[in-house]
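Printed here is my_file.tsv (TSV, N, CA and C atoms and all ligand atoms):
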```tsv
chain	number	residue	atom	x	y	z
A	20	MET	N	-2.40	-7.05	-17.21
A	20	MET	CA	-3.06	-6.89	-15.94
A	20	MET	C	-4.40	-7.62	-15.96
A	21	SER	N	-4.72	-8.33	-14.89
A	21	SER	CA	-5.99	-9.03	-14.82
A	21	SER	C	-7.12	-8.03	-14.56
A	22	ASP	N	-8.35	-8.49	-14.73
A	22	ASP	CA	-9.50	-7.62	-14.46
A	22	ASP	C	-9.48	-7.14	-13.02
A	23	GLU	N	-9.12	-8.06	-12.11
A	23	GLU	CA	-9.09	-7.68	-10.69
A	23	GLU	C	-8.00	-6.65	-10.41
A	24	GLU	N	-6.84	-6.83	-11.06
A	24	GLU	CA	-5.77	-5.84	-10.88
A	24	GLU	C	-6.18	-4.49	-11.44
A	25	ASN	N	-6.87	-4.49	-12.60
A	25	ASN	CA	-7.36	-3.23	-13.18
A	25	ASN	C	-8.37	-2.57	-12.25
A	26	GLU	N	-9.25	-3.40	-11.69
A	26	GLU	CA	-10.27	-2.87	-10.79
A	26	GLU	C	-9.62	-2.27	-9.54
A	27	ARG	N	-8.62	-2.99	-9.02
A	27	ARG	CA	-7.91	-2.51	-7.83
A	27	ARG	C	-7.17	-1.21	-8.13
A	28	ALA	N	-6.52	-1.14	-9.29
A	28	ALA	CA	-5.79	0.07	-9.67
A	28	ALA	C	-6.75	1.25	-9.85
A	29	ALA	N	-7.92	1.00	-10.44
A	29	ALA	CA	-8.90	2.07	-10.64
A	29	ALA	C	-9.42	2.58	-9.31
A	30	LEU	N	-9.68	1.66	-8.38
A	30	LEU	CA	-10.15	2.05	-7.05
A	30	LEU	C	-9.09	2.87	-6.33
A	31	ALA	N	-7.83	2.42	-6.40
A	31	ALA	CA	-6.75	3.15	-5.75
A	31	ALA	C	-6.61	4.55	-6.36
A	32	GLU	N	-6.76	4.64	-7.67
A	32	GLU	CA	-6.64	5.95	-8.31
A	32	GLU	C	-7.75	6.89	-7.85
A	33	LYS	N	-8.99	6.38	-7.68
A	33	LYS	CA	-10.09	7.22	-7.17
A	33	LYS	C	-9.78	7.67	-5.74
A	34	LEU	N	-9.24	6.74	-4.92
A	34	LEU	CA	-8.88	7.12	-3.54
A	34	LEU	C	-7.83	8.21	-3.55
A	35	ARG	N	-6.82	8.06	-4.42
A	35	ARG	CA	-5.77	9.09	-4.50
A	35	ARG	C	-6.36	10.43	-4.96
A	36	HIS	N	-7.27	10.37	-5.93
A	36	HIS	CA	-7.91	11.59	-6.43
A	36	HIS	C	-8.60	12.33	-5.29
A	37	TYR	N	-9.42	11.60	-4.54
A	37	TYR	CA	-10.14	12.26	-3.44
A	37	TYR	C	-9.16	12.66	-2.33
A	38	GLY	N	-8.11	11.87	-2.15
A	38	GLY	CA	-7.13	12.20	-1.12
A	38	GLY	C	-6.40	13.50	-1.41
A	39	ARG	N	-6.21	13.80	-2.70
A	39	ARG	CA	-5.52	15.03	-3.09
A	39	ARG	C	-6.50	16.21	-3.24
A	40	ASP	N	-7.76	15.87	-3.46
A	40	ASP	CA	-8.77	16.90	-3.75
A	40	ASP	C	-9.68	17.09	-2.54
A	41	GLU	N	-10.96	17.06	-2.76
A	41	GLU	CA	-11.92	17.23	-1.68
A	41	GLU	C	-12.87	16.04	-1.65
A	42	LEU	N	-13.53	15.86	-0.52
A	42	LEU	CA	-14.53	14.80	-0.43
A	42	LEU	C	-15.69	15.11	-1.35
A	43	LYS	N	-16.33	14.08	-1.83
A	43	LYS	CA	-17.51	14.27	-2.70
A	43	LYS	C	-18.63	14.90	-1.87
A	44	ASP	N	-19.07	16.06	-2.26
A	44	ASP	CA	-20.11	16.81	-1.55
A	44	ASP	C	-19.76	17.02	-0.08
A	45	GLY	N	-18.48	17.00	0.24
A	45	GLY	CA	-18.06	17.19	1.61
A	45	GLY	C	-18.36	16.02	2.53
A	46	SER	N	-18.72	14.88	1.95
A	46	SER	CA	-19.14	13.73	2.75
A	46	SER	C	-18.21	12.54	2.53
A	47	LEU	N	-17.67	12.01	3.63
A	47	LEU	CA	-16.82	10.82	3.51
A	47	LEU	C	-17.63	9.63	2.98
A	48	LEU	N	-18.87	9.48	3.45
A	48	LEU	CA	-19.69	8.36	2.98
A	48	LEU	C	-19.97	8.46	1.48
A	49	ARG	N	-20.32	9.65	1.02
A	49	ARG	CA	-20.57	9.81	-0.43
A	49	ARG	C	-19.29	9.54	-1.23
A	50	THR	N	-18.17	9.92	-0.66
A	50	THR	CA	-16.89	9.66	-1.32
A	50	THR	C	-16.65	8.16	-1.40
A	51	LEU	N	-16.85	7.48	-0.27
A	51	LEU	CA	-16.63	6.02	-0.26
A	51	LEU	C	-17.59	5.31	-1.21
A	52	LYS	N	-18.84	5.77	-1.26
A	52	LYS	CA	-19.81	5.17	-2.18
A	52	LYS	C	-19.36	5.38	-3.63
A	53	ASP	N	-18.85	6.57	-3.91
A	53	ASP	CA	-18.39	6.87	-5.28
A	53	ASP	C	-17.17	6.02	-5.63
A	54	VAL	N	-16.27	5.86	-4.67
A	54	VAL	CA	-15.03	5.11	-4.94
A	54	VAL	C	-15.32	3.63	-5.11
A	55	THR	N	-16.14	3.07	-4.22
A	55	THR	CA	-16.32	1.62	-4.20
A	55	THR	C	-17.55	1.14	-4.95
A	56	GLY	N	-18.51	2.00	-5.16
A	56	GLY	CA	-19.77	1.57	-5.76
A	56	GLY	C	-20.69	0.92	-4.74
A	57	GLY	N	-20.31	0.96	-3.47
A	57	GLY	CA	-21.13	0.38	-2.42
A	57	GLY	C	-22.38	1.21	-2.17
A	58	ALA	N	-23.44	0.55	-1.71
A	58	ALA	CA	-24.71	1.24	-1.44
A	58	ALA	C	-24.77	1.74	0.00
A	59	THR	N	-24.09	1.06	0.90
A	59	THR	CA	-24.11	1.45	2.32
A	59	THR	C	-22.67	1.56	2.81
A	60	TRP	N	-22.51	2.13	4.02
A	60	TRP	CA	-21.15	2.24	4.55
A	60	TRP	C	-20.54	0.85	4.76
A	61	ARG	N	-21.38	-0.13	5.14
A	61	ARG	CA	-20.86	-1.49	5.30
A	61	ARG	C	-20.34	-2.04	3.97
A	62	ASP	N	-21.15	-1.88	2.90
A	62	ASP	CA	-20.72	-2.32	1.57
A	62	ASP	C	-19.37	-1.70	1.21
A	63	CYS	N	-19.26	-0.39	1.48
A	63	CYS	CA	-18.03	0.33	1.12
A	63	CYS	C	-16.83	-0.24	1.86
A	64	LEU	N	-16.98	-0.42	3.18
A	64	LEU	CA	-15.84	-0.90	3.97
A	64	LEU	C	-15.48	-2.33	3.60
A	65	LEU	N	-16.48	-3.19	3.37
A	65	LEU	CA	-16.19	-4.58	3.00
A	65	LEU	C	-15.52	-4.64	1.64
A	66	ARG	N	-15.94	-3.76	0.74
A	66	ARG	CA	-15.32	-3.73	-0.59
A	66	ARG	C	-13.86	-3.28	-0.49
A	67	LEU	N	-13.60	-2.30	0.34
A	67	LEU	CA	-12.21	-1.86	0.53
A	67	LEU	C	-11.37	-2.98	1.14
A	68	ALA	N	-11.96	-3.70	2.11
A	68	ALA	CA	-11.23	-4.80	2.74
A	68	ALA	C	-10.94	-5.89	1.70
A	69	ASP	N	-11.91	-6.19	0.83
A	69	ASP	CA	-11.68	-7.20	-0.21
A	69	ASP	C	-10.60	-6.77	-1.18
A	70	MET	N	-10.54	-5.48	-1.46
A	70	MET	CA	-9.50	-4.99	-2.37
A	70	MET	C	-8.13	-5.02	-1.70
A	71	ALA	N	-8.08	-4.67	-0.41
A	71	ALA	CA	-6.80	-4.63	0.30
A	71	ALA	C	-6.27	-6.03	0.57
A	72	ASP	N	-7.17	-6.96	0.85
A	72	ASP	CA	-6.75	-8.30	1.23
A	72	ASP	C	-7.74	-9.32	0.65
A	73	PRO	N	-7.65	-9.56	-0.66
A	73	PRO	CA	-8.58	-10.53	-1.26
A	73	PRO	C	-8.33	-11.92	-0.69
A	74	VAL	N	-9.39	-12.61	-0.35
A	74	VAL	CA	-9.26	-13.94	0.23
A	74	VAL	C	-10.05	-14.95	-0.60
A	75	CYS	N	-9.64	-16.19	-0.48
A	75	CYS	CA	-10.34	-17.29	-1.11
A	75	CYS	C	-10.22	-18.49	-0.19
A	76	SER	N	-10.84	-19.58	-0.57
A	76	SER	CA	-10.70	-20.81	0.22
A	76	SER	C	-10.49	-21.98	-0.75
A	77	ASN	N	-10.03	-23.07	-0.19
A	77	ASN	CA	-9.78	-24.26	-1.00
A	77	ASN	C	-11.09	-25.01	-1.17
A	78	VAL	N	-11.55	-25.08	-2.41
A	78	VAL	CA	-12.79	-25.81	-2.70
A	78	VAL	C	-12.48	-27.00	-3.62
A	79	GLY	N	-11.27	-27.54	-3.46
A	79	GLY	CA	-10.85	-28.64	-4.33
A	79	GLY	C	-11.60	-29.94	-4.09
A	80	GLY	N	-12.16	-30.06	-2.89
A	80	GLY	CA	-12.84	-31.31	-2.60
A	80	GLY	C	-11.91	-32.48	-2.83
A	81	GLY	N	-12.39	-33.56	-3.36
A	81	GLY	CA	-11.54	-34.70	-3.64
A	81	GLY	C	-10.93	-34.65	-5.03
A	82	GLU	N	-11.36	-33.67	-5.83
A	82	GLU	CA	-10.92	-33.63	-7.23
A	82	GLU	C	-9.53	-33.02	-7.40
A	83	TRP	N	-9.25	-31.92	-6.66
A	83	TRP	CA	-7.99	-31.21	-6.79
A	83	TRP	C	-7.39	-30.99	-5.40
A	84	PRO	N	-6.05	-31.03	-5.30
A	84	PRO	CA	-5.44	-30.72	-4.00
A	84	PRO	C	-5.80	-29.31	-3.52
A	85	PHE	N	-5.82	-28.36	-4.47
A	85	PHE	CA	-6.24	-26.99	-4.16
A	85	PHE	C	-7.00	-26.45	-5.36
A	86	ARG	N	-8.17	-25.90	-5.09
A	86	ARG	CA	-8.93	-25.18	-6.11
A	86	ARG	C	-9.44	-23.89	-5.46
A	87	CYS	N	-9.17	-22.79	-6.13
A	87	CYS	CA	-9.48	-21.46	-5.58
A	87	CYS	C	-10.97	-21.15	-5.71
A	88	SER	N	-11.56	-20.73	-4.59
A	88	SER	CA	-12.98	-20.37	-4.61
A	88	SER	C	-13.22	-19.07	-5.36
A	89	ALA	N	-12.18	-18.25	-5.50
A	89	ALA	CA	-12.36	-16.95	-6.15
A	89	ALA	C	-12.20	-17.03	-7.67
A	90	CYS	N	-11.16	-17.74	-8.14
A	90	CYS	CA	-10.88	-17.72	-9.58
A	90	CYS	C	-11.01	-19.09	-10.25
A	91	GLY	N	-11.08	-20.15	-9.45
A	91	GLY	CA	-11.23	-21.48	-10.02
A	91	GLY	C	-9.92	-22.15	-10.40
A	92	GLY	N	-8.79	-21.43	-10.27
A	92	GLY	CA	-7.49	-22.04	-10.56
A	92	GLY	C	-7.24	-23.21	-9.62
A	93	HIS	N	-6.51	-24.20	-10.11
A	93	HIS	CA	-6.27	-25.37	-9.25
A	93	HIS	C	-4.88	-25.93	-9.46
A	94	THR	N	-4.40	-26.63	-8.43
A	94	THR	CA	-3.12	-27.32	-8.52
A	94	THR	C	-3.39	-28.75	-8.97
A	95	THR	N	-2.34	-29.37	-9.48
A	95	THR	CA	-2.45	-30.77	-9.85
A	95	THR	C	-1.83	-31.61	-8.75
A	96	GLU	N	-1.94	-32.90	-8.86
A	96	GLU	CA	-1.36	-33.78	-7.86
A	96	GLU	C	0.15	-33.58	-7.80
A	97	PHE	N	0.77	-33.31	-8.96
A	97	PHE	CA	2.22	-33.10	-9.01
A	97	PHE	C	2.60	-31.87	-8.20
A	98	ASP	N	1.85	-30.78	-8.36
A	98	ASP	CA	2.13	-29.56	-7.60
A	98	ASP	C	2.02	-29.84	-6.11
A	99	HIS	N	1.01	-30.63	-5.78
A	99	HIS	CA	0.72	-30.91	-4.38
A	99	HIS	C	1.85	-31.70	-3.73
A	100	MET	N	2.57	-32.49	-4.50
A	100	MET	CA	3.59	-33.37	-3.95
A	100	MET	C	4.97	-32.71	-3.92
A	101	PHE	N	5.07	-31.42	-4.22
A	101	PHE	CA	6.37	-30.77	-4.21
A	101	PHE	C	6.67	-30.23	-2.83
A	102	PRO	N	7.81	-30.45	-2.20
A	102	PRO	CA	8.81	-31.41	-2.67
A	102	PRO	C	8.35	-32.82	-2.37
A	103	PRO	N	8.84	-33.81	-3.15
A	103	PRO	CA	8.45	-35.19	-2.89
A	103	PRO	C	8.83	-35.57	-1.46
A	104	PRO	N	8.01	-36.36	-0.79
A	104	PRO	CA	8.27	-36.72	0.61
A	104	PRO	C	9.66	-37.30	0.84
A	105	GLU	N	10.16	-38.12	-0.10
A	105	GLU	CA	11.49	-38.71	0.10
A	105	GLU	C	12.60	-37.66	0.02
A	106	ALA	N	12.43	-36.66	-0.83
A	106	ALA	CA	13.41	-35.57	-0.93
A	106	ALA	C	13.40	-34.73	0.35
A	107	LYS	N	12.22	-34.51	0.88
A	107	LYS	CA	12.09	-33.74	2.12
A	107	LYS	C	12.76	-34.49	3.27
A	108	ALA	N	12.55	-35.81	3.36
A	108	ALA	CA	13.15	-36.63	4.42
A	108	ALA	C	14.67	-36.61	4.31
A	109	GLU	N	15.19	-36.71	3.07
A	109	GLU	CA	16.63	-36.69	2.86
A	109	GLU	C	17.22	-35.32	3.25
A	110	ALA	N	16.54	-34.24	2.90
A	110	ALA	CA	17.01	-32.90	3.26
A	110	ALA	C	17.04	-32.74	4.78
A	111	GLU	N	16.02	-33.27	5.45
A	111	GLU	CA	15.99	-33.18	6.92
A	111	GLU	C	17.13	-34.00	7.53
A	112	ARG	N	17.42	-35.18	6.96
A	112	ARG	CA	18.51	-36.03	7.47
A	112	ARG	C	19.85	-35.31	7.31
A	113	MET	N	20.06	-34.69	6.14
A	113	MET	CA	21.31	-33.97	5.88
A	113	MET	C	21.47	-32.78	6.83
A	114	LEU	N	20.36	-32.10	7.10
A	114	LEU	CA	20.42	-30.95	8.01
A	114	LEU	C	20.72	-31.41	9.44
A	115	ARG	N	20.11	-32.51	9.85
A	115	ARG	CA	20.39	-33.06	11.19
A	115	ARG	C	21.87	-33.41	11.32
A	116	ASP	N	22.42	-34.05	10.26
A	116	ASP	CA	23.84	-34.42	10.26
A	116	ASP	C	24.72	-33.17	10.32
A	117	ALA	N	24.40	-32.18	9.52
A	117	ALA	CA	25.21	-30.97	9.46
A	117	ALA	C	25.20	-30.23	10.80
A	118	LEU	N	24.05	-30.27	11.48
A	118	LEU	CA	23.93	-29.57	12.76
A	118	LEU	C	24.25	-30.48	13.94
A	119	ASP	N	24.63	-31.73	13.62
A	119	ASP	CA	24.97	-32.70	14.64
A	119	ASP	C	23.82	-32.89	15.64
A	120	LEU	N	22.62	-33.02	15.09
A	120	LEU	CA	21.43	-33.22	15.92
A	120	LEU	C	21.12	-34.71	16.00
A	121	ALA	N	20.42	-35.10	17.04
A	121	ALA	CA	20.03	-36.50	17.20
A	121	ALA	C	19.08	-36.91	16.09
A	122	ASP	N	19.10	-38.22	15.77
A	122	ASP	CA	18.26	-38.72	14.69
A	122	ASP	C	16.77	-38.50	14.93
A	123	ASP	N	16.39	-38.45	16.20
A	123	ASP	CA	14.96	-38.28	16.48
A	123	ASP	C	14.56	-36.81	16.63
A	124	CYS	N	15.52	-35.91	16.38
A	124	CYS	CA	15.21	-34.48	16.44
A	124	CYS	C	14.36	-34.13	15.22
A	125	ARG	N	13.19	-33.57	15.50
A	125	ARG	CA	12.27	-33.26	14.41
A	125	ARG	C	12.55	-31.85	13.89
A	126	ILE	N	12.64	-31.74	12.59
A	126	ILE	CA	12.85	-30.43	11.95
A	126	ILE	C	11.53	-29.99	11.35
A	127	VAL	N	11.04	-28.88	11.83
A	127	VAL	CA	9.76	-28.39	11.33
A	127	VAL	C	10.01	-27.55	10.09
A	128	SER	N	9.39	-27.92	9.01
A	128	SER	CA	9.55	-27.21	7.75
A	128	SER	C	8.52	-26.09	7.63
A	129	ALA	N	8.93	-24.99	7.07
A	129	ALA	CA	8.00	-23.89	6.82
A	129	ALA	C	7.20	-24.16	5.54
A	130	HIS	N	7.61	-25.20	4.80
A	130	HIS	CA	6.92	-25.51	3.57
A	130	HIS	C	5.57	-26.15	3.86
A	131	SER	N	4.58	-25.77	3.11
A	131	SER	CA	3.27	-26.40	3.24
A	131	SER	C	2.80	-26.77	1.85
A	132	SER	N	2.17	-27.90	1.73
A	132	SER	CA	1.63	-28.27	0.42
A	132	SER	C	0.36	-27.47	0.10
A	133	GLU	N	-0.20	-26.84	1.12
A	133	GLU	CA	-1.35	-25.97	0.90
A	133	GLU	C	-0.81	-24.57	0.61
A	134	PRO	N	-1.18	-23.98	-0.52
A	134	PRO	CA	-0.68	-22.63	-0.80
A	134	PRO	C	-1.25	-21.62	0.18
A	135	ARG	N	-0.44	-20.63	0.54
A	135	ARG	CA	-0.92	-19.55	1.42
A	135	ARG	C	-1.63	-18.49	0.60
A	136	TYR	N	-1.25	-18.39	-0.67
A	136	TYR	CA	-1.90	-17.47	-1.60
A	136	TYR	C	-2.19	-18.23	-2.87
A	137	CYS	N	-3.32	-17.94	-3.50
A	137	CYS	CA	-3.66	-18.60	-4.76
A	137	CYS	C	-2.60	-18.26	-5.79
A	138	PRO	N	-1.99	-19.28	-6.42
A	138	PRO	CA	-0.96	-19.01	-7.43
A	138	PRO	C	-1.51	-18.29	-8.66
A	139	TRP	N	-2.82	-18.25	-8.85
A	139	TRP	CA	-3.38	-17.68	-10.07
A	139	TRP	C	-3.90	-16.26	-9.85
A	140	CYS	N	-4.66	-16.04	-8.79
A	140	CYS	CA	-5.23	-14.70	-8.60
A	140	CYS	C	-4.58	-13.95	-7.44
A	141	GLY	N	-3.79	-14.64	-6.62
A	141	GLY	CA	-3.09	-13.97	-5.53
A	141	GLY	C	-3.89	-13.79	-4.26
A	142	ALA	N	-5.14	-14.28	-4.25
A	142	ALA	CA	-5.95	-14.14	-3.03
A	142	ALA	C	-5.33	-14.96	-1.90
A	143	ARG	N	-5.43	-14.44	-0.67
A	143	ARG	CA	-4.92	-15.16	0.50
A	143	ARG	C	-5.89	-16.30	0.81
A	144	VAL	N	-5.34	-17.49	0.99
A	144	VAL	CA	-6.17	-18.67	1.25
A	144	VAL	C	-6.51	-18.72	2.73
A	145	VAL	N	-7.80	-18.74	3.02
A	145	VAL	CA	-8.26	-18.84	4.41
A	145	VAL	C	-9.11	-20.10	4.54
A	146	GLU	N	-9.18	-20.59	5.75
A	146	GLU	CA	-10.04	-21.74	6.02
A	146	GLU	C	-11.45	-21.21	6.29
A	147	VAL	N	-12.42	-21.90	5.77
A	147	VAL	CA	-13.80	-21.50	5.96
A	147	VAL	C	-14.45	-22.47	6.93
A	148	ASP	N	-15.07	-21.92	7.97
A	148	ASP	CA	-15.78	-22.78	8.91
A	148	ASP	C	-17.00	-23.37	8.23
A	149	GLU	N	-17.13	-24.67	8.36
A	149	GLU	CA	-18.30	-25.30	7.70
A	149	GLU	C	-19.34	-25.69	8.72
B	1	ZN	ZN	-7.48	-17.73	-7.19
```
Please go through the file and, once you have read it, give me the structure as structure tokens.
Amino acid sequence: MSDEENERAALAEKLRHYGRDELKDGSLLRTLKDVTGGATWRDCLLRLADMADPVCSNVGGGEWPFRCSACGGHTTEFDHMFPPPEAKAEAERMLRDALDLADDCRIVSAHSSEPRYCPWCGARVVEVDE
């Protein structure tokens, strides 16, 4: 288990503990502070959101096709080119033939060379407004 997975599991276990028991000092805020380590209610809620849906962005710049802002993991040019463009074009041609579609019928692929989740830490990749 990674450090983040351990941290997430520990947080979930504290939530379950309080969920089965009582709130800390009868206060939801004190409970959330104890569970998350946050100093304010905003800190607590943002920390829970980060645990529930960790996000990162592509900071590969020109060096890597994808580099994770959260963990630093990156893809190589080979990963970025999967599937190779010629293989994708051939698959689309075969599908058009099989479905008896016109040659100019465009087939939209669900595949993206940009990962939706970081392959290393699992964070959801989001675009960051610059
Ligand atoms: Zn990552």
Got a sec to check which residues lie within 6 Å of ligand ZN 1 (chain B), using all atoms listed in the file, and send them as a compact mmCIF listing (two decimals) with N, CA and C atoms, in the frame of the given file?
```
# COMPACT_ATOMS: atom_id res chain seq x y z
N CYS A 87 -9.17 -22.79 -6.13
CA CYS A 87 -9.48 -21.46 -5.58
C CYS A 87 -10.97 -21.15 -5.71
N SER A 88 -11.56 -20.73 -4.59
CA SER A 88 -12.98 -20.37 -4.61
C SER A 88 -13.22 -19.07 -5.36
N ALA A 89 -12.18 -18.25 -5.50
CA ALA A 89 -12.36 -16.95 -6.15
C ALA A 89 -12.20 -17.03 -7.67
N CYS A 90 -11.16 -17.74 -8.14
CA CYS A 90 -10.88 -17.72 -9.58
C CYS A 90 -11.01 -19.09 -10.25
N GLY A 91 -11.08 -20.15 -9.45
CA GLY A 91 -11.23 -21.48 -10.02
C GLY A 91 -9.92 -22.15 -10.40
N GLY A 92 -8.79 -21.43 -10.27
CA GLY A 92 -7.49 -22.04 -10.56
C GLY A 92 -7.24 -23.21 -9.62
N CYS A 137 -3.32 -17.94 -3.50
CA CYS A 137 -3.66 -18.60 -4.76
C CYS A 137 -2.60 -18.26 -5.79
N PRO A 138 -1.99 -19.28 -6.42
CA PRO A 138 -0.96 -19.01 -7.43
C PRO A 138 -1.51 -18.29 -8.66
N TRP A 139 -2.82 -18.25 -8.85
CA TRP A 139 -3.38 -17.68 -10.07
C TRP A 139 -3.90 -16.26 -9.85
N CYS A 140 -4.66 -16.04 -8.79
CA CYS A 140 -5.23 -14.70 -8.60
C CYS A 140 -4.58 -13.95 -7.44
N GLY A 141 -3.79 -14.64 -6.62
CA GLY A 141 -3.09 -13.97 -5.53
C GLY A 141 -3.89 -13.79 -4.26
N ALA A 142 -5.14 -14.28 -4.25
CA ALA A 142 -5.95 -14.14 -3.03
C ALA A 142 -5.33 -14.96 -1.90
```
Checklist entry - Residues of range 38-124 of chain A in alpha helix (DSSP H) according to DSSP, as a ChimeraX atom specification? => result /A:38-39,47-55,60-71,96-99,104-117
Next on the checklist: For the strand (DSSP E) assignment from backbone DSSP, which residues of chain A qualify? Please present them as a PyMOL selection string.
Outcome noted: chain A and resi 74-75+143-144
Checklist entry - What lies within 9 Å of Glu133 in chain A using only C-alpha atoms, ignoring chain neighbours under 5 positions off, as a PyMOL selection string? => result chain A and resi 77+84-85+99+144
Next on the checklist: I'd like the contact shell of Arg49 in chain A - 10 Å cut-off, only C-alpha atoms, skipping same-chain residues fewer than 5 positions apart - returned as a PyMOL selection string.
Outcome noted: chain A and resi 42-44+54-60+63
